[in-house]
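One structure is given below, encoded as structure tokens.
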Amino acid sequence: MPAFLVDAASVRDGGVVLGAEEAHHVRVRRHRPGDEVDVIDGEGKGYRIRIQAIEDERVTGRIVERRSDLGESPVRLHLAAAIVKGLRFDLVVEKATEVGVASITPVTARRSVARPGGRGDRWRRLARSAAKQCGRSRVPPVSEPVPLLDAAGAMAADGARLLVADPAAPGDLRSVCDPGVRSAALFVGPEGGFAPEELHALGSLGARVFAWGNRRLRAETAAVVLSAMVITVMEWQCEETAASSF
């Protein structure tokens with residue numbers, strides 16, 4: 001069953017208080033006092049609680065089990081995806097959350113055709129809903145749209161390995177992911193891809209460019225599929241590094 005989301009400040013003294021929105025969801029699912037349900041705080045903590053009371057504006061429960069980083073990957077992938085037209089970026093936010101990205105940064109690029117403003121709150125709601133649905137204990141933060149190179153500079157300064165998806169690149173994903181790397185930022189371009197000068201600028205920041213196969217993907221599909229691929233490869237390589245150290 002999907003989890004409920006609680007404010008971290010509402011977890012104390014062995015108890016949990018769910019707010020009005022989650023209380024509504026508890027009633028919709030026809031839970032009763034005594035039922036046990038899963039709760040996440042969106043910051044890495046998960047709880048199994050036994051419901052004590054269900055009221056109009058809140059639900060109270062007692063913690064029967066605590067879990068840390070439930071449903072989370074040992075590697076952190078930050079997705080920086082160019083905004084696409086219409087509501088297609090909604091899909092990026094929802095599905096990237098499900099596959100396990102650590103954060104989502106909508107970026108504007110030279111060939112972007114979508115207008116960037118006005119959807120940040122909607123995207124953050126989608127991320128919260130997707131995290132609850134898929135069993136994650138962390139809700140990935142979704143930033144307001146930022147220029148491509150501003151995002152790349154900030155992520156490089158934080159020490160993330162920069163990866164750029166480009167169908168014309170000579171190398172594949174395994175060739176650009178070093179064993180043991182646990183933090184990376186994946187950049188996925190708009191409908192027309194990144195412009196040559198953008199690829200050059202990303203390269204000057206240390207970005208590594210890779211291709212994924214013989215088929216072209218729509219921008220929103222690429223953001224989700226490639227996120228899953230990068231996380232999987234990084235996890236495999238971390239496991240191989242750990243095994244070789246024994």
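Lettering and numbering for the structure tokens are positional, with chains as A, B, ... in the shown order, residues counted from 1 in each chain, and ligands counted from 1 in the shown order.
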
- Apply DSSP to the structure's backbone, then extract all residues of region 58-92 of chain A labelled strand (DSSP E or B) and return them as number ranges by chain. A: 59-68, 76-82

- Within 12 Å of Val6 (chain A), counting only C-alpha atoms, which residues show up once you throw out same-chain ones fewer than 6 positions away? Write them as a PyMOL selection string, please. chain A and resi 12+15-23+38-47+49+58-61+128+132+137-139

Using C-alpha atoms, can you write the selected residues to a file as a PDB file, in the first residue's frame?
ATOM      1  CA  ARG A  12       7.898  13.002  18.498  1.00  0.00           C
ATOM      2  CA  GLY A  15       3.965   9.230  18.160  1.00  0.00           C
ATOM      3  CA  VAL A  16       2.981  10.617  14.767  1.00  0.00           C
ATOM      4  CA  VAL A  17       0.399  13.237  13.806  1.00  0.00           C
ATOM      5  CA  LEU A  18      -0.802  13.319  10.204  1.00  0.00           C
ATOM      6  CA  GLY A  19      -2.268  16.601   8.943  1.00  0.00           C
ATOM      7  CA  ALA A  20      -5.615  17.294   7.288  1.00  0.00           C
ATOM      8  CA  GLU A  21      -4.681  16.188   3.756  1.00  0.00           C
ATOM      9  CA  GLU A  22      -3.273  12.864   4.877  1.00  0.00           C
ATOM     10  CA  ALA A  23      -6.154  12.382   7.313  1.00  0.00           C
ATOM     11  CA  ASP A  38       3.359   3.040   6.621  1.00  0.00           C
ATOM     12  CA  VAL A  39       4.405   6.675   7.022  1.00  0.00           C
ATOM     13  CA  ILE A  40       7.376   8.591   5.568  1.00  0.00           C
ATOM     14  CA  ASP A  41       8.724  12.011   6.472  1.00  0.00           C
ATOM     15  CA  GLY A  42      10.213  12.748   3.026  1.00  0.00           C
ATOM     16  CA  GLU A  43      13.657  13.249   4.573  1.00  0.00           C
ATOM     17  CA  GLY A  44      14.785   9.629   4.834  1.00  0.00           C
ATOM     18  CA  LYS A  45      12.788   8.284   7.767  1.00  0.00           C
ATOM     19  CA  GLY A  46      10.055   5.672   7.463  1.00  0.00           C
ATOM     20  CA  TYR A  47       7.694   4.426  10.142  1.00  0.00           C
ATOM     21  CA  ILE A  49       2.476   3.134  12.919  1.00  0.00           C
ATOM     22  CA  ARG A  58      -5.685  14.898  11.815  1.00  0.00           C
ATOM     23  CA  VAL A  59      -4.769  11.289  12.508  1.00  0.00           C
ATOM     24  CA  THR A  60      -2.663  10.214  15.464  1.00  0.00           C
ATOM     25  CA  GLY A  61      -0.686   7.002  15.754  1.00  0.00           C
ATOM     26  CA  ARG A 128       5.533  13.944  -3.006  1.00  0.00           C
ATOM     27  CA  LYS A 132       4.486   7.937  -1.299  1.00  0.00           C
ATOM     28  CA  SER A 137      11.310   7.620   2.307  1.00  0.00           C
ATOM     29  CA  ARG A 138      12.829  10.698   0.632  1.00  0.00           C
ATOM     30  CA  VAL A 139      10.954  13.155  -1.572  1.00  0.00           C
TER      31      VAL A 139
END

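Of the listed residues A:Thr232, A:Ser175, A:Ser143, A:Ser183, the one whose atoms come nearest to Ala160 (chain A) is A:Ser183, with distances taken using only C-alpha atoms.
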
- Task: Find the spatial neighbours of Met1 (chain A), counting only C-alpha atoms, within a cut-off of 10 Å - ignore same-chain residues fewer than 5 positions away - and output them as a PyMOL selection string.
- Result: chain A and resi 29+37-38+132-135

- Per-residue DSSP, region 13-152 of chain A, filtered to alpha helix (DSSP H), as an MDAnalysis selection string: chainID A and resid 20:28 88:99 120:134 148:152

- Message: Let me make sure I understand: among A:Val11, A:Val176, A:His78, A:Asp90, which one has the smallest atom-to-atom distance to Pro141 (chain A) if we use only C-alpha atoms?
- Response: A:His78

- Message: Env of Arg161 (chain A): 12 Å cut, atoms = only C-alpha atoms, seq-sep filter 5 positions within chain, self excluded. Answer as number ranges by chain.
- Response: A: 75-79, 152-156, 176-187, 202-203, 205-209, 230, 234

Write out the residues from the selection above, keeping C-alpha atoms, as a PDB file, in the first residue's frame.
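Output below, filename selection07.pdb:
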ATOM      1  CA  VAL A  75      24.075   6.369  -4.864  1.00  0.00           C
ATOM      2  CA  ARG A  76      22.758   9.864  -5.485  1.00  0.00           C
ATOM      3  CA  LEU A  77      21.759  10.933  -8.975  1.00  0.00           C
ATOM      4  CA  HIS A  78      20.720  14.541  -9.533  1.00  0.00           C
ATOM      5  CA  LEU A  79      18.638  14.941 -12.678  1.00  0.00           C
ATOM      6  CA  ALA A 152      25.962  22.610 -14.135  1.00  0.00           C
ATOM      7  CA  GLY A 153      28.307  24.998 -12.323  1.00  0.00           C
ATOM      8  CA  ALA A 154      26.533  24.492  -9.007  1.00  0.00           C
ATOM      9  CA  MET A 155      26.532  20.702  -9.297  1.00  0.00           C
ATOM     10  CA  ALA A 156      30.192  20.605 -10.315  1.00  0.00           C
ATOM     11  CA  VAL A 176      31.973   7.377 -18.430  1.00  0.00           C
ATOM     12  CA  CYS A 177      30.954   6.036 -15.014  1.00  0.00           C
ATOM     13  CA  ASP A 178      33.973   5.404 -12.812  1.00  0.00           C
ATOM     14  CA  PRO A 179      33.749   2.620 -10.208  1.00  0.00           C
ATOM     15  CA  GLY A 180      33.012   3.874  -6.726  1.00  0.00           C
ATOM     16  CA  VAL A 181      31.416   7.173  -7.753  1.00  0.00           C
ATOM     17  CA  ARG A 182      28.357   7.729  -5.549  1.00  0.00           C
ATOM     18  CA  SER A 183      27.191  11.168  -6.671  1.00  0.00           C
ATOM     19  CA  ALA A 184      26.455  12.218 -10.241  1.00  0.00           C
ATOM     20  CA  ALA A 185      24.392  14.760 -12.144  1.00  0.00           C
ATOM     21  CA  LEU A 186      22.685  13.702 -15.373  1.00  0.00           C
ATOM     22  CA  PHE A 187      21.946  16.381 -17.984  1.00  0.00           C
ATOM     23  CA  LEU A 202      29.579  21.417 -20.097  1.00  0.00           C
ATOM     24  CA  GLY A 203      32.786  19.692 -21.188  1.00  0.00           C
ATOM     25  CA  LEU A 205      33.234  21.808 -16.408  1.00  0.00           C
ATOM     26  CA  GLY A 206      34.392  18.202 -16.632  1.00  0.00           C
ATOM     27  CA  ALA A 207      31.201  16.664 -18.000  1.00  0.00           C
ATOM     28  CA  ARG A 208      31.427  13.278 -19.693  1.00  0.00           C
ATOM     29  CA  VAL A 209      29.187  12.643 -22.703  1.00  0.00           C
ATOM     30  CA  VAL A 230      22.695   5.614 -14.616  1.00  0.00           C
ATOM     31  CA  MET A 234      26.447   3.243 -10.504  1.00  0.00           C
TER      32      MET A 234
END

- Message: Calculated over only C-alpha atoms, which of the candidates A:Leu173, A:Ala81, A:Gly118, A:Ile63 has the smallest distance to Gln237 (chain A)?
- Response: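 Of A:Leu173, A:Ala81, A:Gly118, A:Ile63, the one nearest Gln237 (chain A) is A:Leu173, counting only C-alpha atoms.
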
- Item | Using only C-alpha atoms: which of A:Ala168, A:Ala201, A:Ala109, A:Leu5 has the shortest distance to Ala127 (chain A) | A:Leu5

- Fewer than 3 positions away in the same chain doesn't count, so skip those; otherwise give me all residues within 12 Å of region 145-148 of chain A, counting only C-alpha atoms, as a PyMOL selection string. chain A and resi 79-84+89+104-112+114-121+123+142+151-155+164+186-190+194-195+197-199+201-202

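CA of Leu163 (chain A) sits 18.8 Å away from CA of Asn214 (chain A).
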
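With only C-alpha atoms as the basis for measurement, A:Lys95 is the residue among A:Lys85, A:Arg67, A:Lys95, A:Arg124 that approaches Leu226 (chain A) most closely.
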
- Item | Given only C-alpha atoms as the counted atoms, nearest of A:Ile231, A:Ile54, A:Gly14, A:Phe210 to Val99 (chain A) |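 Looking only at the distances to Val99 (chain A), the closest residue turns out to be A:Ile231.
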